[in-house]
Amino acid sequence: MEKRTIFAASGSIMLSMLSVFSCTNAEKKPIVKTNPNIVIIYADDLGFGDIGVNGAKGVKTPNIDRLALHGVNFTDAHCSAATCTPSRFSLLTGSYGFRNKAAVLPGDAPLIIDPNKGTLPSMLQKAGYTTGVVGKWHLGLGSGTVNWNEEIKPGPREIGFDYSFLIPATGDRVPCVFVENQKVVGADPADPITVSYGSEIDGYPTGTKRPELLVVKADPQHSNTIVNGVSRIGFMSGGKNALWTDEDFPFILTNKATSFIDENKAHPFFLYMAFHDIHVPRRPNEKFIGSSTMGARGDAIAQMDWCVGEVVKHLEELGLAQNTLIIFSSDNGPVLDDGYDDKAVELLGDHQPTGPFSGAKYSILEAGTRMPTIVYWPEMVKPGTSSVLLTQVDWYASLASLVGQRVAPGDAPDSENHLDAWLGRSEKGREYMLEEAYTLALRKGDWKFIKPQTGGTPDWMKNKKVDSGLSNEIQLYNLKDDIREEKNVAAEHPEIVKELAQKLESIIK
């Protein structure tokens with residue numbers, strides 16, 4: 001592990017953090033178990049540069065920075081894809097999203113994870129863990145047309161989660177209800193829920209027809225059903241008593257997470273806490289409004305950081321922190337204008353959500369998948385910064401190694417065991433690492449090969465002002481000298497192009 005901090009905040013900031021964020025209840029005797037508790041905290045659309053330790057400006061993230069100060073902060077760790085559904089699919093299955101044609105799903109899509117295959121939570125169940133998921137799901141539910149008025153199967157239970165409390169898809173898609181243990185919270189048989197992603201149905205007003213009801217303007221894609229003053233993608237009717245209030249997300253989701261911890265503190269547990277922040281629509285609670293200089297997007301980052309702090313504080317108060325492995329990361333890179341006029345572009349200031357990298361959410365360039373990633377486990381990981389090349393698809397095999405479980409044949413086909421690297425004990429990570437974003441790319445060390453994609457950047461991505469990195473030409477970059485991927489050196493290194501192109505094809509096959 002490197003002792004130097006490559007993209008860290010100044011030493012004075014880190015020293016001040018030490019004085020402000022001392023461990024709570026340090027004198028409380030830890031609860032020691034055979035296997036550690038495992039908590040994955042998964043942010044949404046959070047860029048590499050969106051946290052303080054990686055250089056954020058205009059917003060403070062003291063709780064996340066504290067994890068980095070006392071854990072391992074990775075500077076070359078990646079999600080598997082530059083959009084949410086395939087990244088989440090890979091995290092839970094150890095398989096690349098393209099193998100199952102995983103793409104951003106509508107809110108009424110069926111479950112895309114095969115219940116007959118092993119998953120990260122089902123593997124941990126075999127190791128004696130109680131497993132729970134709280135927050136954004138976006139992996140589909142049910143096996144066909146979902147009936148939101150009865151138990152929804154298959155769902156998280158069928159792929160290994162003992163407990164679930166979900167935002168079924170995302171906040172910008174209907175249905176705008178919570179689903180707990182595969183039943184809509186607050187469902188009323190007298191007011192049945194209907195969802196449509198095809199034709200408009202007679203239900204709630206839409207942003208297209210009733211723009212005067214909106215608290216934030218939206219683009220045409222996000223101008224369907226209005227709930228809580230925000231228009232969403234898709235159409236919905238019924239379920240009035242079940243509708244969520246966006247501003248309550250941080251408290252509801254955090255309370256569900258800490259309650260799960262309370263109920264399972266006596267035995268090993270796995271908690272997958274998937275935030276909605278900082279995905280659109282960004283509707284931070286009034287407690288956090290004005291906590292940044294960047295408006296709703298910055299305030300949502302501060303809100304997300306508070307949630308992190310509450311979960312960690314709860315673990316400490318219960319004496320569980322010493323025996324809990326916490327992994328913090330994000331599902332894909334940042335995006336500013338993603339459908340709502342929340343002034344994210346206008347109020348950005350000097351802040352650089354992507355850090356030093358090019359690209360964004362949806363992009364095959366580095367910022368699309370290079371994530372803020374921190375591993376925290378008191379006394380078990382040596383604090384520092386690591387530049388080891390790693391990917392979230394390997395969490396499955398690595399955590400299986402941690403808890404002494406064998407990965408069954410046919411399960412997690414793309415997952416490799418890099419536990420020592422994740423714990424900061426090894427400089428050896430991935431030899432080859434795949435990235436997905438409307439094409440495929442392959443990293444080997446500092447070399448990055450991008451497979452040609454016919455058609456170039458689609459218009460919708462241009463409208464979001466995202467540099468897609470897509471081209472109908474072969475691309476090769478040396479990130480050591482060209483971190484922003486601005487100089488294509490494919491013509492100068494045909495032998496490297498050949499090696500990486502052949503390796504990529506072998507992975508695809």
# chains A, B, ... in the order shown; residues from 1 in each chain; ligands from 1

call {"tool": "residues_around", "arguments": {"residues": "stretch 106-114 of chain A", "least_positions_apart": "3", "cutoff": "10 Å", "atoms": "only C-alpha atoms", "output": "short mmCIF file (atom, residue, chain, number, x, y, z; two decimals) with C-alpha atoms, in the first residue's frame"}}
result
data_model
loop_
_atom_site.label_atom_id
_atom_site.label_comp_id
_atom_site.auth_asym_id
_atom_site.auth_seq_id
_atom_site.Cartn_x
_atom_site.Cartn_y
_atom_site.Cartn_z
CA THR A 85 -28.43 -1.54 -12.90
CA PRO A 86 -25.42 -3.38 -14.41
CA PHE A 89 -26.09 -6.74 -10.87
CA SER A 90 -22.32 -7.31 -10.92
CA LEU A 92 -24.48 -9.08 -6.17
CA THR A 93 -23.71 -11.80 -8.73
CA ASN A 100 -27.29 -10.76 -18.82
CA LYS A 101 -27.88 -7.73 -21.05
CA ALA A 102 -28.29 -5.69 -17.87
CA ALA A 103 -29.27 -2.11 -18.63
CA LYS A 117 -27.69 -18.88 -9.22
CA GLY A 118 -25.57 -18.07 -6.21
CA THR A 119 -25.36 -14.45 -5.08
CA HIS A 138 -33.30 -1.13 -9.42
CA LEU A 139 -32.78 -4.80 -10.28
CA GLY A 140 -36.39 -5.61 -11.09
CA LEU A 141 -39.05 -7.40 -9.07
CA GLY A 142 -41.35 -10.30 -9.87
CA SER A 143 -41.32 -12.56 -12.91
CA GLY A 144 -43.66 -10.77 -15.27
CA THR A 145 -46.23 -8.05 -14.87
CA VAL A 146 -45.90 -6.97 -11.25
CA ASN A 147 -49.01 -6.87 -9.09
CA TRP A 148 -48.10 -4.16 -6.57
CA LYS A 153 -42.06 -12.71 -6.00
CA PRO A 154 -39.32 -13.35 -6.87
CA GLY A 155 -37.44 -10.58 -5.13
CA PRO A 156 -34.62 -10.05 -2.64
CA GLU A 158 -35.30 -15.44 -3.44
CA ILE A 159 -31.72 -14.30 -4.11
CA ILE A 167 -37.07 1.89 -3.24
CA PRO A 168 -38.14 -0.52 -6.02
CA ALA A 169 -36.35 1.26 -8.87
CA THR A 170 -35.19 4.87 -8.41
CA GLY A 171 -36.71 8.08 -7.15
CA ASP A 172 -37.30 9.36 -10.65
CA ARG A 173 -39.44 6.35 -11.63
CA VAL A 174 -42.83 5.09 -10.53
CA PRO A 175 -44.04 3.38 -8.42
CA CYS A 176 -43.26 5.96 -5.72
CA VAL A 195 -48.15 1.14 -13.02
CA SER A 196 -47.59 1.69 -16.73
CA TYR A 197 -44.44 2.39 -18.71
CA ILE A 233 -40.75 8.57 -15.51
CA GLY A 234 -43.80 6.34 -16.05
#

call {"tool": "select_by_dssp", "arguments": {"residues": "stretch 87-334 of chain A", "states": "helix (DSSP H, G or I)", "output": "ChimeraX atom specification"}}
result
/A:87-93,97-100,120-126,156-159,211-213,220-222,240-242,246-263,296-317,321-323

call {"tool": "residues_around", "arguments": {"residues": "A:Asp341", "least_positions_apart": "6", "cutoff": "9 Å", "atoms": "only C-alpha atoms", "output": "PyMOL selection string"}}
result
chain A and resi 216-219

call {"tool": "write_last_selection", "arguments": {"atoms": "N, CA and C atoms", "output": "PDB file, in the first residue's frame"}}
result
ATOM      1  N   VAL A 216     -39.970  21.536  -9.172  1.00  0.00           N
ATOM      2  CA  VAL A 216     -38.744  21.596  -9.965  1.00  0.00           C
ATOM      3  C   VAL A 216     -39.092  21.185 -11.391  1.00  0.00           C
ATOM      4  N   LYS A 217     -38.612  21.938 -12.359  1.00  0.00           N
ATOM      5  CA  LYS A 217     -38.885  21.621 -13.749  1.00  0.00           C
ATOM      6  C   LYS A 217     -38.115  20.371 -14.170  1.00  0.00           C
ATOM      7  N   ALA A 218     -38.669  19.647 -15.148  1.00  0.00           N
ATOM      8  CA  ALA A 218     -38.042  18.411 -15.614  1.00  0.00           C
ATOM      9  C   ALA A 218     -38.060  18.363 -17.132  1.00  0.00           C
ATOM     10  N   ASP A 219     -37.186  17.525 -17.692  1.00  0.00           N
ATOM     11  CA  ASP A 219     -37.185  17.331 -19.134  1.00  0.00           C
ATOM     12  C   ASP A 219     -38.366  16.440 -19.525  1.00  0.00           C
TER      13      ASP A 219
END

call {"tool": "closest_residue", "arguments": {"among": "A:Leu442, A:Ala300, A:Ile51, A:Ala408", "to": "A:Glu366", "atoms": "only C-alpha atoms"}}
result
A:Leu442

call {"tool": "residues_around", "arguments": {"residues": "A:Thr439", "least_positions_apart": "4", "cutoff": "10 Å", "atoms": "only C-alpha atoms", "output": "list in words"}}
result
Ala81, Phe98, Ser363, Ile364, Glu435, Ile450, Lys451, Pro452, Gln453, Thr454, Ser468, Gly469, Leu470 and Ser471 of chain A

call {"tool": "select_by_dssp", "arguments": {"residues": "stretch 118-357 of chain A", "states": "strand (DSSP E)", "output": "VMD selection string"}}
result
chain A and resid 130 to 136 163 to 167 179 to 180 183 to 184 194 to 196 226 to 227 230 to 231 235 to 237 269 to 274 324 to 330

call {"tool": "write_last_selection", "arguments": {"atoms": "C-alpha atoms", "output": "PDB file, in the first residue's frame"}}
result
ATOM      1  CA  THR A 130     -28.314 -12.827   8.398  1.00  0.00           C
ATOM      2  CA  THR A 131     -28.611 -10.639   5.318  1.00  0.00           C
ATOM      3  CA  GLY A 132     -30.459  -7.398   4.674  1.00  0.00           C
ATOM      4  CA  VAL A 133     -30.840  -4.790   1.946  1.00  0.00           C
ATOM      5  CA  VAL A 134     -32.076  -1.260   2.565  1.00  0.00           C
ATOM      6  CA  GLY A 135     -32.507   1.436  -0.080  1.00  0.00           C
ATOM      7  CA  LYS A 136     -32.424   1.648  -3.840  1.00  0.00           C
ATOM      8  CA  TYR A 163     -34.796  -8.729   5.082  1.00  0.00           C
ATOM      9  CA  SER A 164     -35.480  -6.009   2.513  1.00  0.00           C
ATOM     10  CA  PHE A 165     -36.745  -2.440   2.534  1.00  0.00           C
ATOM     11  CA  LEU A 166     -36.614  -1.017  -0.961  1.00  0.00           C
ATOM     12  CA  ILE A 167     -37.066   1.887  -3.242  1.00  0.00           C
ATOM     13  CA  VAL A 179     -41.511  -2.201  -0.583  1.00  0.00           C
ATOM     14  CA  GLU A 180     -40.704  -4.017   2.682  1.00  0.00           C
ATOM     15  CA  LYS A 183     -44.978  -6.000   0.050  1.00  0.00           C
ATOM     16  CA  VAL A 184     -45.810  -2.346  -0.586  1.00  0.00           C
ATOM     17  CA  THR A 194     -51.395   0.351 -11.207  1.00  0.00           C
ATOM     18  CA  VAL A 195     -48.149   1.144 -13.017  1.00  0.00           C
ATOM     19  CA  SER A 196     -47.594   1.686 -16.730  1.00  0.00           C
ATOM     20  CA  ILE A 226     -46.295  13.892 -10.345  1.00  0.00           C
ATOM     21  CA  VAL A 227     -45.752  12.761  -6.752  1.00  0.00           C
ATOM     22  CA  VAL A 230     -41.922  16.100  -8.647  1.00  0.00           C
ATOM     23  CA  SER A 231     -42.678  14.544 -12.024  1.00  0.00           C
ATOM     24  CA  PHE A 235     -47.465   6.480 -15.110  1.00  0.00           C
ATOM     25  CA  MET A 236     -49.135   5.443 -11.856  1.00  0.00           C
ATOM     26  CA  SER A 237     -52.550   5.355 -10.246  1.00  0.00           C
ATOM     27  CA  PHE A 269     -24.907  -9.914   9.624  1.00  0.00           C
ATOM     28  CA  PHE A 270     -24.498  -8.528   6.135  1.00  0.00           C
ATOM     29  CA  LEU A 271     -26.127  -5.184   5.364  1.00  0.00           C
ATOM     30  CA  TYR A 272     -26.247  -3.784   1.837  1.00  0.00           C
ATOM     31  CA  MET A 273     -27.273  -0.155   2.342  1.00  0.00           C
ATOM     32  CA  ALA A 274     -27.921   1.453  -1.022  1.00  0.00           C
ATOM     33  CA  THR A 324     -17.425  -4.837  11.271  1.00  0.00           C
ATOM     34  CA  LEU A 325     -15.947  -4.523   7.802  1.00  0.00           C
ATOM     35  CA  ILE A 326     -17.366  -1.432   6.070  1.00  0.00           C
ATOM     36  CA  ILE A 327     -17.012  -0.909   2.334  1.00  0.00           C
ATOM     37  CA  PHE A 328     -18.066   2.487   0.987  1.00  0.00           C
ATOM     38  CA  SER A 329     -18.395   3.155  -2.733  1.00  0.00           C
ATOM     39  CA  SER A 330     -20.747   4.229  -5.538  1.00  0.00           C
TER      40      SER A 330
END

call {"tool": "residues_around", "arguments": {"residues": "A:Pro334", "least_positions_apart": "2", "cutoff": "6 Å", "atoms": "only C-alpha atoms", "output": "mmCIF file with N, CA and C atoms, in the first residue's frame"}}
result
data_model
loop_
_atom_site.group_PDB
_atom_site.id
_atom_site.type_symbol
_atom_site.label_atom_id
_atom_site.label_comp_id
_atom_site.auth_asym_id
_atom_site.auth_seq_id
_atom_site.Cartn_x
_atom_site.Cartn_y
_atom_site.Cartn_z
ATOM 1 N N ASP A 45 -24.545 7.700 -8.065
ATOM 2 C CA ASP A 45 -24.084 8.813 -8.901
ATOM 3 C C ASP A 45 -23.057 9.687 -8.187
ATOM 4 N N LEU A 46 -22.335 9.141 -7.244
ATOM 5 C CA LEU A 46 -21.316 9.895 -6.511
ATOM 6 C C LEU A 46 -19.988 9.784 -7.235
ATOM 7 N N GLY A 47 -19.413 10.920 -7.611
ATOM 8 C CA GLY A 47 -18.162 10.915 -8.348
ATOM 9 C C GLY A 47 -16.943 10.783 -7.459
ATOM 10 N N ALA A 360 -18.000 10.717 -17.137
ATOM 11 C CA ALA A 360 -19.062 10.917 -16.152
ATOM 12 C C ALA A 360 -19.906 9.649 -16.127
ATOM 13 N N LYS A 361 -21.036 9.717 -15.448
ATOM 14 C CA LYS A 361 -22.038 8.666 -15.581
ATOM 15 C C LYS A 361 -22.332 8.481 -17.064
#

call {"tool": "closest_atom_pairs", "arguments": {"of": "stretch 28-120 of chain A", "to": "stretch 383-400 of chain A", "cutoff": "9 Å", "atoms": "only C-alpha atoms", "output": "tab-separated table"}}
result
residue	atom	partner	partner_atom	distance
A:Ile38	CA	A:Leu399	CA	8.9
A:Ala68	CA	A:Pro383	CA	7.6
A:Leu69	CA	A:Pro383	CA	6.6
A:His70	CA	A:Pro383	CA	5.1
A:Gly71	CA	A:Pro383	CA	4.4
A:Val72	CA	A:Gly384	CA	5.1
A:Asn73	CA	A:Thr385	CA	4.8
A:Phe74	CA	A:Ser386	CA	4.9
A:Thr75	CA	A:Ser387	CA	5.1
A:Asp76	CA	A:Leu389	CA	5.2
A:Ala77	CA	A:Leu390	CA	4.6
A:His78	CA	A:Thr391	CA	4.6
A:Cys79	CA	A:Gln392	CA	5.1
A:Ser80	CA	A:Gln392	CA	6.3
A:Ser87	CA	A:Gln392	CA	8.1
A:Phe89	CA	A:Val393	CA	9.0
A:Ser90	CA	A:Val393	CA	5.3
A:Leu91	CA	A:Val393	CA	5.2
A:Leu92	CA	A:Tyr396	CA	7.1
A:Thr93	CA	A:Tyr396	CA	7.2
A:Gly94	CA	A:Val393	CA	4.9
A:Ser95	CA	A:Val393	CA	6.6
A:Tyr96	CA	A:Val393	CA	7.2
A:Thr119	CA	A:Tyr396	CA	7.8
A:Leu120	CA	A:Tyr396	CA	5.4

call {"tool": "atom_distance", "arguments": {"atom1": "atom CA of A:Ala296", "atom2": "atom CA of A:Phe251"}}
result
17.3 Å

call {"tool": "residues_around", "arguments": {"residues": "A:Pro284", "least_positions_apart": "3", "cutoff": "7 Å", "atoms": "only C-alpha atoms", "output": "list in words"}}
result
Glu247, Phe288, Ile289, Ala296, Asp299, Ala300 and Gln303 of chain A

call {"tool": "closest_residue", "arguments": {"among": "A:Gln125, A:Ile261, A:Ile252, A:Lys57", "to": "A:Lys313", "atoms": "only C-alpha atoms"}}
result
A:Ile261

call {"tool": "closest_residue", "arguments": {"among": "A:Asp246, A:Lys444, A:Thr225, A:Val381", "to": "A:Ala421", "atoms": "only C-alpha atoms"}}
result
A:Val381

call {"tool": "closest_residue", "arguments": {"among": "A:Asp414, A:Asp202, A:Asp162, A:Asp305", "to": "A:Ile508", "atoms": "only C-alpha atoms"}}
result
A:Asp414

call {"tool": "atom_distance", "arguments": {"atom1": "atom CA of A:Pro378", "atom2": "atom CA of A:Ala56"}}
result
25.0 Å

call {"tool": "residues_around", "arguments": {"residues": "A:Phe357", "least_positions_apart": "3", "cutoff": "10 Å", "atoms": "only C-alpha atoms", "output": "list in words"}}
result
Gly47, Phe48, Gly49, Gln352, Pro353, Thr354, Ala360, Leu365, Glu366, Ala367, Gly368, Arg370, Leu479, Asp482, Ile483, Arg484 and Glu485 of chain A

call {"tool": "write_last_selection", "arguments": {"atoms": "C-alpha atoms", "output": "mmCIF file, in the first residue's frame"}}
result
data_model
loop_
_atom_site.group_PDB
_atom_site.id
_atom_site.type_symbol
_atom_site.label_atom_id
_atom_site.label_comp_id
_atom_site.auth_asym_id
_atom_site.auth_seq_id
_atom_site.Cartn_x
_atom_site.Cartn_y
_atom_site.Cartn_z
ATOM 1 C CA GLY A 47 -18.162 10.915 -8.348
ATOM 2 C CA PHE A 48 -14.561 10.287 -7.362
ATOM 3 C CA GLY A 49 -14.114 13.952 -6.470
ATOM 4 C CA GLN A 352 -14.874 18.840 -9.746
ATOM 5 C CA PRO A 353 -17.181 15.836 -9.253
ATOM 6 C CA THR A 354 -14.999 13.596 -11.453
ATOM 7 C CA ALA A 360 -19.062 10.917 -16.152
ATOM 8 C CA LEU A 365 -13.931 7.135 -19.844
ATOM 9 C CA GLU A 366 -12.435 6.694 -16.372
ATOM 10 C CA ALA A 367 -14.832 8.910 -14.421
ATOM 11 C CA GLY A 368 -17.690 6.622 -15.454
ATOM 12 C CA ARG A 370 -13.529 4.967 -11.153
ATOM 13 C CA LEU A 479 -3.157 6.628 -18.169
ATOM 14 C CA ASP A 482 -2.578 10.855 -19.972
ATOM 15 C CA ILE A 483 -4.993 10.525 -17.055
ATOM 16 C CA ARG A 484 -7.696 12.434 -18.942
ATOM 17 C CA GLU A 485 -7.612 10.077 -21.941
#
